[in-house]
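Heads up, the thing below is written out as structure tokens.
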Amino acid sequence: MAEPHGDTPAETEFPEVELAKSAIFLDFDGTLIDLADTPDGVDVPADLAGLLKGLNDATEGRLVVVTGRPIEAVDTFLGGYDGHVIGSHGAEERFEGNHTAHELAGSDTVARLGDMVEAFAATHEGLVPERKPTGVVLHFRQVPEQEPQVYSFLSALEQSHEGFELHHSKMAYELRPIGISKDDSIKRIMENERFAGRRPIFFGDDVTDEPALAWIAHQPDGIAAKVGSGETAANYRVHDPSGVRKILAGWIGE
Ligand SMILES: O=P(O)(O)OC[C@H]1O[C@H](O[C@H]2O[C@H](CO)[C@@H](O)[C@H](O)[C@H]2O)[C@H](O)[C@@H](O)[C@@H]1O
């Protein structure tokens with residue numbers, strides 16, 4: 001039974017899903033895999049790529065991985081999955097085999113921002129910088145007391161670099177191009193003739209997933225599943241990534 005909006009920690013029962021009439025959007029970190037101390041330290045189950053391939057086949061190519069990670073990182077973690085990806089929070093996309101990216105991808109400005117964030121991290125033990133083609137992240141998961149310094153430093157970079165905006169995610173701040181978002185990318189893909197009319201399904205765990213969860217929860221028959229605890233606009237909830245993988249595996253009869 002679906003729960004109403006709000007902070008509803010109880011796991012909800014999912015309705016029957018017809019994959020041949022569905023479009024599935026899946027966040028990666030915190031949704032398909034557990035969070036880890038560092039971006040590179042994640043444990044990706046060996047059968048995850050196979051699970052995604054199975055879902056992609058069953059939906060006839062209507063599976064999309066939607067992540068803040070660069071597409072290159074997705075390919076490293078999910079070798080063998082070559083389907084659609086919304087990467088870098090929407091600043092990159094691989095759709096029907098075509099790779100597109102925001103105009104700032106690979107720019108000198110992004111490289112300079114990466115250099116400055118790495119230099120800052122080098123003098124602040126425990127901070128972990130992460131470069132992306134279209135921005136940079138500074139993680140403070142191992143030193144949460146340093147959040148104010150991270151915020152101040154990246155805010156200053158945001159002020160001095162036109163075209164970038166600062167976002168908060170789980171134990172990290174990130175500079176990314178203005179105007180990109182997962183929900184915009186998902187909405188655009190749902191307008192594609194191959195996706196239009198399909199039942200939209202999205203699993204996500206982070207604040208950056210909330211706009212898409214809210215939008216999908218309000219689509220006819222939409223299934224928006226919040227992973228973990230916390231306030232959400234989603235209409236379903238799953239406790240953790242292993243629960244998500246179990247639901248997805250059940251849908252393809254595994
Ligand atoms: O959109 P997602 O697929 O959920 O990606 C969001 C960010 O995930 C990663 O950072 C988070 O996971 C790390 C590994 O578990 C963790 O150490 C960190 O504290 C989390 O913020 C990734 O490193 C980022 O690039 C993604 O934007």
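By convention here, the chains of the structure tokens are called A, B, ... in the order presented, each chain's residues are numbered starting at 1, and ligands are numbered starting at 1 in the order presented.
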
Exercise for review: Mind the document's chain letters and residue numbers, and return as JSON, numbers by chain the residues of segment 15-69 of chain A that DSSP labels alpha helix (DSSP H).
Suggested key: {"A": [48, 49, 50, 51, 52, 53, 54, 55, 56, 57, 58]}

Taking 6 positions as the minimum chain separation for residues in the same chain, which residues sit within 9 Å of Asp221 of chain A when counting only C-alpha atoms? Answer as a PDB file with C-alpha atoms, in the first residue's frame.
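Result written to out10.pdb:
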```pdb
ATOM      1  CA  ARG A 199       4.718   4.551 -16.521  1.00  0.00           C
ATOM      2  CA  PRO A 200       7.613   6.504 -14.962  1.00  0.00           C
ATOM      3  CA  ILE A 201       9.471   4.882 -12.079  1.00  0.00           C
TER       4      ILE A 201
END
```

Residues within 12 Å of Val207 of chain A, please, as a tab-separated table (two decimals) with C-alpha atoms, in the first residue's frame. Count only C-alpha atoms; anything in the same chain fewer than 5 positions from it doesn't count.
```tsv
chain	number	residue	atom	x	y	z
A	27	ASP	CA	19.97	6.85	-9.08
A	30	GLY	CA	22.88	5.44	-2.00
A	68	GLY	CA	25.77	12.77	-10.15
A	89	HIS	CA	23.48	15.50	-12.53
A	167	HIS	CA	24.97	22.36	-4.45
A	168	HIS	CA	24.86	20.42	-1.22
A	169	SER	CA	24.71	16.64	-1.35
A	170	LYS	CA	25.44	13.90	1.19
A	171	MET	CA	28.54	15.07	3.15
A	172	ALA	CA	29.78	17.07	0.17
A	181	SER	CA	19.22	19.05	-13.00
A	182	LYS	CA	18.22	15.40	-12.98
A	183	ASP	CA	14.52	16.25	-13.12
A	212	ALA	CA	12.47	14.27	-9.79
A	213	LEU	CA	10.80	12.21	-7.05
A	214	ALA	CA	8.19	14.97	-6.62
A	226	LYS	CA	12.70	7.34	-1.68
A	227	VAL	CA	15.58	5.16	-0.48
A	228	GLY	CA	16.35	5.54	3.23
A	229	SER	CA	14.91	7.87	5.82
A	230	GLY	CA	14.17	11.59	5.67
A	231	GLU	CA	11.51	13.95	4.39
A	232	THR	CA	10.41	13.24	0.85
A	233	ALA	CA	7.82	14.00	-1.78
A	234	ALA	CA	8.05	10.40	-3.00
```

Point to revise | Who sits within 9 Å of Val65 of chain A, only C-alpha atoms, same chain under 5 positions skipped, as a ChimeraX atom specification | key: /A:24-28,52,74,83-87

Saved selection, atoms kept: C-alpha atoms, as a PDB file, in the first residue's frame:
```
ATOM      1  CA  ILE A  24      12.737   3.085 -15.103  1.00  0.00           C
ATOM      2  CA  PHE A  25      15.109   5.761 -13.813  1.00  0.00           C
ATOM      3  CA  LEU A  26      17.670   4.712 -11.188  1.00  0.00           C
ATOM      4  CA  ASP A  27      19.965   6.847  -9.080  1.00  0.00           C
ATOM      5  CA  PHE A  28      23.330   5.181  -8.324  1.00  0.00           C
ATOM      6  CA  LEU A  52      20.508  -3.491 -15.097  1.00  0.00           C
ATOM      7  CA  VAL A  74      29.470   4.747 -14.337  1.00  0.00           C
ATOM      8  CA  GLY A  83      22.381   1.703 -21.857  1.00  0.00           C
ATOM      9  CA  HIS A  84      21.123   5.229 -21.256  1.00  0.00           C
ATOM     10  CA  VAL A  85      22.835   7.358 -18.602  1.00  0.00           C
ATOM     11  CA  ILE A  86      22.091  10.838 -17.295  1.00  0.00           C
ATOM     12  CA  GLY A  87      25.478  11.692 -15.768  1.00  0.00           C
TER      13      GLY A  87
END
```

For the interface of chain A with ligand 1 (cut-off 7 Å, counting only C-alpha atoms and all ligand atoms), please tabulate each contacting residue of chain A alongside its nearest pair of atoms and their separation in Å to one decimal, rows sorted by chain and increasing number, as a Markdown table.
```
| residue | atom | partner | partner_atom_place_in_ligand_line | distance |
| --- | --- | --- | --- | --- |
| A:Asp27 | CA | ligand 1 | 3 (O) | 4.8 |
| A:Phe28 | CA | ligand 1 | 3 (O) | 3.6 |
| A:Asp29 | CA | ligand 1 | 4 (O) | 3.8 |
| A:Gly30 | CA | ligand 1 | 4 (O) | 5.7 |
| A:Thr31 | CA | ligand 1 | 4 (O) | 6.7 |
| A:Asp34 | CA | ligand 1 | 15 (O) | 6.3 |
| A:Leu35 | CA | ligand 1 | 15 (O) | 3.1 |
| A:Ala36 | CA | ligand 1 | 15 (O) | 3.7 |
| A:Asp37 | CA | ligand 1 | 17 (O) | 4.4 |
| A:Thr38 | CA | ligand 1 | 17 (O) | 3.8 |
| A:Pro39 | CA | ligand 1 | 14 (C) | 4.0 |
| A:Asp40 | CA | ligand 1 | 14 (C) | 6.8 |
| A:Gly41 | CA | ligand 1 | 14 (C) | 6.6 |
| A:Val42 | CA | ligand 1 | 15 (O) | 5.5 |
| A:Val66 | CA | ligand 1 | 1 (O) | 6.4 |
| A:Thr67 | CA | ligand 1 | 1 (O) | 3.5 |
| A:Gly68 | CA | ligand 1 | 27 (O) | 3.5 |
| A:Arg69 | CA | ligand 1 | 25 (O) | 4.4 |
| A:Ser88 | CA | ligand 1 | 27 (O) | 6.7 |
| A:His89 | CA | ligand 1 | 1 (O) | 6.5 |
| A:Glu130 | CA | ligand 1 | 25 (O) | 6.8 |
| A:Val137 | CA | ligand 1 | 25 (O) | 6.6 |
| A:His139 | CA | ligand 1 | 19 (O) | 5.8 |
| A:Arg141 | CA | ligand 1 | 19 (O) | 5.2 |
| A:Ser169 | CA | ligand 1 | 21 (O) | 5.6 |
| A:Lys170 | CA | ligand 1 | 21 (O) | 4.1 |
| A:Met171 | CA | ligand 1 | 19 (O) | 4.7 |
| A:Ala172 | CA | ligand 1 | 21 (O) | 5.2 |
| A:Asp205 | CA | ligand 1 | 4 (O) | 6.8 |
| A:Asp206 | CA | ligand 1 | 4 (O) | 6.3 |
```

Check your understanding: Which is closer to Ser185 of chain A than all the others in A:Val143, A:Ile223, A:Val64, A:Leu104, using only C-alpha atoms?
Key ->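 For Ser185 of chain A, the nearest of the given residues is A:Val64.
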